[in-house]
Amino acid sequence: MSQLSLFNSLTREKEVFSPIDPSHVKLYACGPTVYNYAHIGNARMAVVFDLLSRVLKTQFPKVTYVSNITDVDDKIIAASAETGEAIDVITCKFTDIYNDDMAALGCAKPDIQPRATTHIGEMIALITRLIEKGHAYEGEGHVLFNVPSFPAYGALSGRSRDEQIAGARVEVASYKKDPADFVLWKPSSDDEPGWDSPWGRGRPGWHIECSAMAEKHLGLPFDIHGGGADLKFPHHENEIAQSCCGVGALDDASAFAKVWVHNGFVTVEGEKMSKSLGNFTLAHELLDEGIKGEVIRLALLSAHYRQPLNWSEQAVHQAQSLLNKMYALLESMPHAEAGDVPPQILEALCDDLNTPKVISELHLLVAAKDVAGLKAAGDVLGILQEDPADWLSVDETETEQFDALLAERDQAKADKDWARADAIRDELAGHGYKIVDTQDGAQLQKL
RNA sequence: GGCGCGAUGGCAGAGUGGCUAUGCAGCGGAUUGCAACUCCGUGUAGACCAGUUCGAUUCUGGUUCGUGCCUCCA
């Protein structure tokens, strides 16, 4: 059996994964703040950690994958103010859309998907504990984490507290004892969402929810904590500080989570996809355009998860092309059953999720007509879950408008009027369809 | 400025101290309709400069360039 290795951001080394309890592996990944649609950069995180949980499940008898929904945040408040929709309407709506879109990308729902707003009590309890232990203090209605009280601060991001201060863009509010201190709890005005607490009506800071929810659902320490690379600092660094201090592990940044896994960004023309740059593509839009979820998923896995992934038509095209090939083979052998996951696939996955290598192995499986291996590989990768005939056909209601053209082309072929036949092919290509002549006559496929 | 990451053939993208990555595109061929699909064949790439070595794309150092975090961010 292949042994899983993962690059641990905390040690900056690829390590053989060795669970705290091999009978129950625990994984947490920071999920979305639900105030709008997920773009494919957000989707990459969901796909990567879904894949990791699937691979873990092939290696260990029990895996609990937790990924949260952040449903209290200043951005949500701002979105509500802008649209006039109630906050819970917005968060419910976009939670559902997120789950639907990720399901379309082949992501199983996490075993537990905790919401921040249903864990306020746990957050207050953790904050209270931090105050009691001298790691947090109250000031002007805020509760702040005192960074100098945690000697191991900076272990994950590799920056010292002095460097962070040198960044100079940190807001130094009057109630902060140290410029690096960050908010655990902040006061809410009457028109903002808030909960009663020992420090007055307020709401949690951004970082505390993950500490509280991970501890509640997984216990400390747990095995793997993941998220996008941009969360390393300050979010994950602060989670470590809160959680380690909560359990009194002042010098051990691994007392929260043992292995930290960070996925790289999706880029567009070499630049990070981000909302502020406006260069984002929504997963929802791509699905609406008729690009299949599995195509998006495979395209997102076409680069190694820690490398940047440049989103392009060509990446989509390559993923589509491979899936078409695989489904065509599956259709030709409809009664084949899934076998064991081919060892070379498992080996590549176990090597820090080397999905580009996996994809090359998929091509080789197609060439070898190894349907049983492909099906098994598809199950662990979260692809090849559709009916091959459905995959290869196109929606007839969409294409019946072209039936007359196809009939005309059949006649043109019979008349050996190749110029006309090819003109029709070109015309349909303009509509996004490819004509494939089969024994049953001409059929259309999406380009 | 501080701290990271990266640089592979037209494009995407791996492994590897010496032995074909893989795919997309292109080109040649078979089949076909002079198409499409399919099949066969086809690519001396490794930013630059040193060093280690019998031998480096792979290890080490430096340079250049790109990019990310340091502020909300997957």
# chains A, B, ... in the order shown; residues from 1 in each chain; ligands from 1
$ closest_atom_pairs --of "chain B" --to "chain A" --cutoff "12 Å" --atoms "only C-alpha atoms (C1' of nucleotides)" --output "Markdown table"
| residue | atom | partner | partner_atom | distance |
| --- | --- | --- | --- | --- |
| B:G1 | C1' | A:Gly167 | CA | 8.5 |
| B:G2 | C1' | A:Glu163 | CA | 6.0 |
| B:C3 | C1' | A:Arg159 | CA | 6.1 |
| B:G4 | C1' | A:Ser157 | CA | 8.6 |
| B:C5 | C1' | A:Gln307 | CA | 8.4 |
| B:G6 | C1' | A:Gln307 | CA | 8.3 |
| B:C11 | C1' | A:Gln314 | CA | 8.3 |
| B:A12 | C1' | A:Ala315 | CA | 6.9 |
| B:G13 | C1' | A:Pro356 | CA | 6.5 |
| B:A14 | C1' | A:Lys357 | CA | 5.5 |
| B:G15 | C1' | A:Lys357 | CA | 8.3 |
| B:A21 | C1' | A:Ser360 | CA | 7.9 |
| B:U22 | C1' | A:Ser360 | CA | 4.3 |
| B:G23 | C1' | A:Ser360 | CA | 7.0 |
| B:C24 | C1' | A:Gln318 | CA | 5.9 |
| B:A25 | C1' | A:Gln314 | CA | 9.7 |
| B:U32 | C1' | A:Asp437 | CA | 10.5 |
| B:G33 | C1' | A:Trp418 | CA | 6.9 |
| B:C34 | C1' | A:Trp418 | CA | 8.1 |
| B:A35 | C1' | A:Asp422 | CA | 6.7 |
| B:A36 | C1' | A:Val436 | CA | 5.9 |
| B:C37 | C1' | A:Val436 | CA | 6.0 |
| B:U38 | C1' | A:Lys325 | CA | 11.0 |
| B:C39 | C1' | A:Ala367 | CA | 11.3 |
| B:G66 | C1' | A:Gly270 | CA | 8.5 |
| B:U67 | C1' | A:Glu271 | CA | 7.4 |
| B:G68 | C1' | A:Lys272 | CA | 8.1 |
| B:C69 | C1' | A:Asp230 | CA | 6.4 |
| B:C70 | C1' | A:Gly167 | CA | 5.9 |
| B:U71 | C1' | A:Arg169 | CA | 6.6 |
| B:C72 | C1' | A:Lys75 | CA | 8.3 |
| B:C73 | C1' | A:Asp230 | CA | 6.8 |
| B:A74 | C1' | A:Asn42 | CA | 4.3 |
$ write_last_selection --atoms "C-alpha atoms (C1' of nucleotides)" --output "CSV table (one decimal), in the first residue's frame"
chain,number,residue,atom,x,y,z
B,1,G,C1',11.4,47.0,2.6
B,2,G,C1',10.4,41.9,5.2
B,3,C,C1',9.0,36.7,4.2
B,4,G,C1',7.9,32.9,0.5
B,5,C,C1',7.2,30.4,-4.3
B,6,G,C1',8.4,29.6,-9.2
B,11,C,C1',0.9,25.7,-24.9
B,12,A,C1',-0.3,22.9,-20.3
B,13,G,C1',2.6,20.1,-17.0
B,14,A,C1',5.4,15.7,-14.1
B,15,G,C1',9.2,12.4,-12.6
B,21,A,C1',6.8,11.6,-18.9
B,22,U,C1',1.8,12.7,-20.4
B,23,G,C1',-1.5,15.6,-22.9
B,24,C,C1',-3.3,19.9,-26.1
B,25,A,C1',-2.0,22.2,-30.6
B,32,U,C1',-12.9,8.4,-44.7
B,33,G,C1',-15.7,12.0,-48.7
B,34,C,C1',-11.3,15.5,-51.1
B,35,A,C1',-14.2,15.9,-44.1
B,36,A,C1',-15.1,14.6,-38.7
B,37,C,C1',-14.2,10.7,-35.3
B,38,U,C1',-10.5,6.9,-34.7
B,39,C,C1',-5.7,4.7,-35.4
B,66,G,C1',7.8,36.4,-12.9
B,67,U,C1',4.5,35.9,-9.0
B,68,G,C1',2.3,35.6,-3.9
B,69,C,C1',1.8,37.1,1.4
B,70,C,C1',2.8,41.2,4.7
B,71,U,C1',-4.7,44.7,4.5
B,72,C,C1',-10.4,41.5,3.3
B,73,C,C1',-9.0,37.2,0.3
B,74,A,C1',-9.4,30.1,-1.4
$ residues_around --residues "Asp73 in chain A" --least-positions-apart "6" --cutoff "12 Å" --atoms "only C-alpha atoms (C1' of nucleotides)" --output "PyMOL selection string"
(chain A and resi 32-35+79-80+87-88+90-91+115-117+185-186+188+192-194+202-209) or (chain B and resi 72)
$ select_by_dssp --residues "range 82-253 of chain A" --states "strand (DSSP E or B)" --output "list in words"
Ile112, Arg115, Ala136, Tyr137, Glu138, Gly139, His142, Val143, Leu144, Phe145, Phe182, Val183, Leu184, Trp185, Lys186, Pro187, Trp195, Gly202, Arg203, Pro204, Phe222, Asp223, Ile224, His225, Gly226, Gly227 and Gly228 of chain A
$ write_last_selection --atoms "N, CA, C and O atoms" --output "compact mmCIF listing (two decimals), in the first residue's frame"
# COMPACT_ATOMS: atom_id res chain seq x y z
N ILE A 112 -18.88 17.25 8.26
CA ILE A 112 -19.51 18.24 9.13
C ILE A 112 -19.27 19.61 8.49
O ILE A 112 -18.15 19.92 8.07
N ARG A 115 -21.57 26.06 11.01
CA ARG A 115 -21.75 27.48 10.73
C ARG A 115 -21.28 28.28 11.94
O ARG A 115 -21.55 27.91 13.08
N ALA A 136 -5.59 37.25 26.55
CA ALA A 136 -6.51 38.17 25.91
C ALA A 136 -6.98 39.19 26.94
O ALA A 136 -6.92 38.95 28.15
N TYR A 137 -7.41 40.34 26.45
CA TYR A 137 -7.82 41.41 27.34
C TYR A 137 -8.93 42.21 26.68
O TYR A 137 -9.12 42.16 25.45
N GLU A 138 -9.67 42.92 27.51
CA GLU A 138 -10.79 43.70 27.03
C GLU A 138 -10.37 45.16 26.91
O GLU A 138 -9.60 45.66 27.75
N GLY A 139 -10.85 45.82 25.90
CA GLY A 139 -10.56 47.24 25.77
C GLY A 139 -11.60 47.91 24.90
O GLY A 139 -11.82 47.51 23.75
N HIS A 142 -14.00 45.81 23.00
CA HIS A 142 -13.37 44.77 22.18
C HIS A 142 -12.65 43.79 23.11
O HIS A 142 -12.23 44.15 24.20
N VAL A 143 -12.49 42.59 22.64
CA VAL A 143 -11.56 41.67 23.29
C VAL A 143 -10.46 41.38 22.29
O VAL A 143 -10.74 41.07 21.12
N LEU A 144 -9.22 41.53 22.74
CA LEU A 144 -8.09 41.33 21.84
C LEU A 144 -7.19 40.22 22.31
O LEU A 144 -7.01 40.01 23.51
N PHE A 145 -6.63 39.51 21.34
CA PHE A 145 -5.62 38.52 21.64
C PHE A 145 -4.29 39.24 21.75
O PHE A 145 -3.93 40.03 20.87
N PHE A 182 -4.86 41.15 17.77
CA PHE A 182 -5.99 41.08 16.85
C PHE A 182 -7.28 40.80 17.62
O PHE A 182 -7.27 40.33 18.75
N VAL A 183 -8.38 41.10 16.95
CA VAL A 183 -9.68 41.11 17.60
C VAL A 183 -10.25 39.70 17.74
O VAL A 183 -10.26 38.92 16.78
N LEU A 184 -10.71 39.39 18.94
CA LEU A 184 -11.44 38.15 19.19
C LEU A 184 -12.95 38.42 19.20
O LEU A 184 -13.75 37.57 18.81
N TRP A 185 -13.30 39.59 19.69
CA TRP A 185 -14.71 39.95 19.85
C TRP A 185 -14.83 41.44 19.66
O TRP A 185 -13.96 42.19 20.13
N LYS A 186 -15.85 41.85 18.95
CA LYS A 186 -16.01 43.29 18.77
C LYS A 186 -17.46 43.69 18.99
O LYS A 186 -18.38 42.89 18.76
N PRO A 187 -17.68 44.91 19.42
CA PRO A 187 -19.03 45.36 19.73
C PRO A 187 -19.84 45.55 18.44
O PRO A 187 -19.30 45.89 17.41
N TRP A 195 -24.54 39.23 19.53
CA TRP A 195 -24.92 38.26 20.55
C TRP A 195 -24.48 38.81 21.90
O TRP A 195 -23.44 39.50 22.00
N GLY A 202 -22.16 41.88 20.95
CA GLY A 202 -21.13 42.01 19.90
C GLY A 202 -21.09 40.79 19.02
O GLY A 202 -22.03 39.97 19.01
N ARG A 203 -20.02 40.69 18.27
CA ARG A 203 -19.86 39.56 17.34
C ARG A 203 -18.39 39.15 17.32
O ARG A 203 -17.49 39.92 17.68
N PRO A 204 -18.14 37.93 16.87
CA PRO A 204 -16.77 37.42 16.92
C PRO A 204 -15.88 38.03 15.84
O PRO A 204 -16.37 38.44 14.79
N PHE A 222 -5.61 17.96 16.17
CA PHE A 222 -6.11 17.09 15.11
C PHE A 222 -5.08 17.01 13.99
O PHE A 222 -4.02 17.63 14.07
N ASP A 223 -5.38 16.24 12.95
CA ASP A 223 -4.33 15.86 12.01
C ASP A 223 -3.96 16.93 10.99
O ASP A 223 -2.80 17.30 10.86
N ILE A 224 -4.95 17.37 10.21
CA ILE A 224 -4.64 18.22 9.06
C ILE A 224 -5.55 19.43 9.06
O ILE A 224 -6.77 19.31 9.23
N HIS A 225 -4.94 20.59 8.88
CA HIS A 225 -5.72 21.83 8.72
C HIS A 225 -5.35 22.42 7.38
O HIS A 225 -4.17 22.55 7.06
N GLY A 226 -6.34 22.78 6.60
CA GLY A 226 -6.06 23.27 5.26
C GLY A 226 -6.76 24.57 4.95
O GLY A 226 -7.58 25.08 5.73
N GLY A 227 -6.43 25.08 3.79
CA GLY A 227 -7.04 26.31 3.29
C GLY A 227 -6.18 26.91 2.20
O GLY A 227 -5.14 26.36 1.84
N GLY A 228 -6.64 28.02 1.68
CA GLY A 228 -5.88 28.71 0.64
C GLY A 228 -4.60 29.31 1.19
O GLY A 228 -4.52 29.64 2.37
$ residues_around --residues "range 63-65 of chain A" --least-positions-apart "6" --cutoff "8 Å" --atoms "only C-alpha atoms (C1' of nucleotides)" --output "ChimeraX atom specification"
/A:24-29,53,56-57,110-112,218
$ closest_residue --among "A:Arg201, A:Lys93, A:Lys62, A:Arg409" --to "Ile120 in chain A" --atoms "only C-alpha atoms"
A:Arg201
$ closest_residue --among "A:Phe402, A:Phe280, A:Trp311, A:Tyr175" --to "Leu298 in chain A" --atoms "only C-alpha atoms"
A:Trp311
$ atom_distance --atom1 "CA of Gln344 in chain A" --atom2 "CA of Ala299 in chain A"
20.4 Å
$ select_by_dssp --residues "range 24-222 of chain A" --states "helix (DSSP H, G or I)" --output "PyMOL selection string"
chain A and resi 40-59+74-83+87-104+116-118+120-132+147-149+161-166+208-218
$ decode --residues "chain B" --atoms "C-alpha atoms (C1' of nucleotides)" --output "CSV table (one decimal), in the first residue's frame"
chain,number,residue,atom,x,y,z
B,1,G,C1',11.4,47.0,2.6
B,2,G,C1',10.4,41.9,5.2
B,3,C,C1',9.0,36.7,4.2
B,4,G,C1',7.9,32.9,0.5
B,5,C,C1',7.2,30.4,-4.3
B,6,G,C1',8.4,29.6,-9.2
B,7,A,C1',11.2,29.6,-14.2
B,8,U,C1',10.9,22.6,-18.5
B,9,G,C1',9.6,21.8,-25.8
B,10,G,C1',4.2,26.4,-29.6
B,11,C,C1',0.9,25.7,-24.9
B,12,A,C1',-0.3,22.9,-20.3
B,13,G,C1',2.6,20.1,-17.0
B,14,A,C1',5.4,15.7,-14.1
B,15,G,C1',9.2,12.4,-12.6
B,16,U,C1',14.3,11.8,-12.8
B,17,G,C1',22.1,12.7,-11.3
B,18,G,C1',23.0,9.0,-17.0
B,19,C,C1',17.5,5.2,-19.7
B,20,U,C1',10.3,7.9,-24.1
B,21,A,C1',6.8,11.6,-18.9
B,22,U,C1',1.8,12.7,-20.4
B,23,G,C1',-1.5,15.6,-22.9
B,24,C,C1',-3.3,19.9,-26.1
B,25,A,C1',-2.0,22.2,-30.6
B,26,G,C1',1.0,21.2,-35.2
B,27,C,C1',3.1,18.1,-39.0
B,28,G,C1',3.3,13.1,-41.9
B,29,G,C1',0.4,8.7,-42.8
B,30,A,C1',-4.0,4.9,-42.7
B,31,U,C1',-9.2,5.0,-42.9
B,32,U,C1',-12.9,8.4,-44.7
B,33,G,C1',-15.7,12.0,-48.7
B,34,C,C1',-11.3,15.5,-51.1
B,35,A,C1',-14.2,15.9,-44.1
B,36,A,C1',-15.1,14.6,-38.7
B,37,C,C1',-14.2,10.7,-35.3
B,38,U,C1',-10.5,6.9,-34.7
B,39,C,C1',-5.7,4.7,-35.4
B,40,C,C1',-0.2,4.9,-36.5
B,41,G,C1',4.1,7.9,-36.7
B,42,U,C1',6.5,12.6,-35.5
B,43,G,C1',9.2,17.0,-30.8
B,44,U,C1',17.9,16.4,-28.9
B,45,A,C1',12.8,21.3,-23.8
B,46,G,C1',14.8,22.5,-19.2
B,47,A,C1',15.9,31.3,-17.7
B,48,C,C1',21.3,32.9,-17.2
B,49,C,C1',26.3,32.2,-14.8
B,50,A,C1',29.5,29.4,-11.9
B,51,G,C1',30.5,25.0,-8.8
B,52,U,C1',30.2,19.6,-7.3
B,53,U,C1',30.4,15.2,-10.6
B,54,C,C1',32.9,10.5,-15.2
B,55,G,C1',28.1,12.8,-16.3
B,56,A,C1',23.0,17.8,-14.1
B,57,U,C1',16.9,19.6,-16.5
B,58,U,C1',17.6,17.0,-11.7
B,59,C,C1',22.4,18.8,-6.3
B,60,U,C1',25.0,23.7,-4.4
B,61,G,C1',25.8,29.1,-4.8
B,62,G,C1',24.9,33.6,-7.4
B,63,U,C1',22.2,36.6,-11.2
B,64,U,C1',17.9,37.9,-13.9
B,65,C,C1',12.8,37.6,-14.5
B,66,G,C1',7.8,36.4,-12.9
B,67,U,C1',4.5,35.9,-9.0
B,68,G,C1',2.3,35.6,-3.9
B,69,C,C1',1.8,37.1,1.4
B,70,C,C1',2.8,41.2,4.7
B,71,U,C1',-4.7,44.7,4.5
B,72,C,C1',-10.4,41.5,3.3
B,73,C,C1',-9.0,37.2,0.3
B,74,A,C1',-9.4,30.1,-1.4
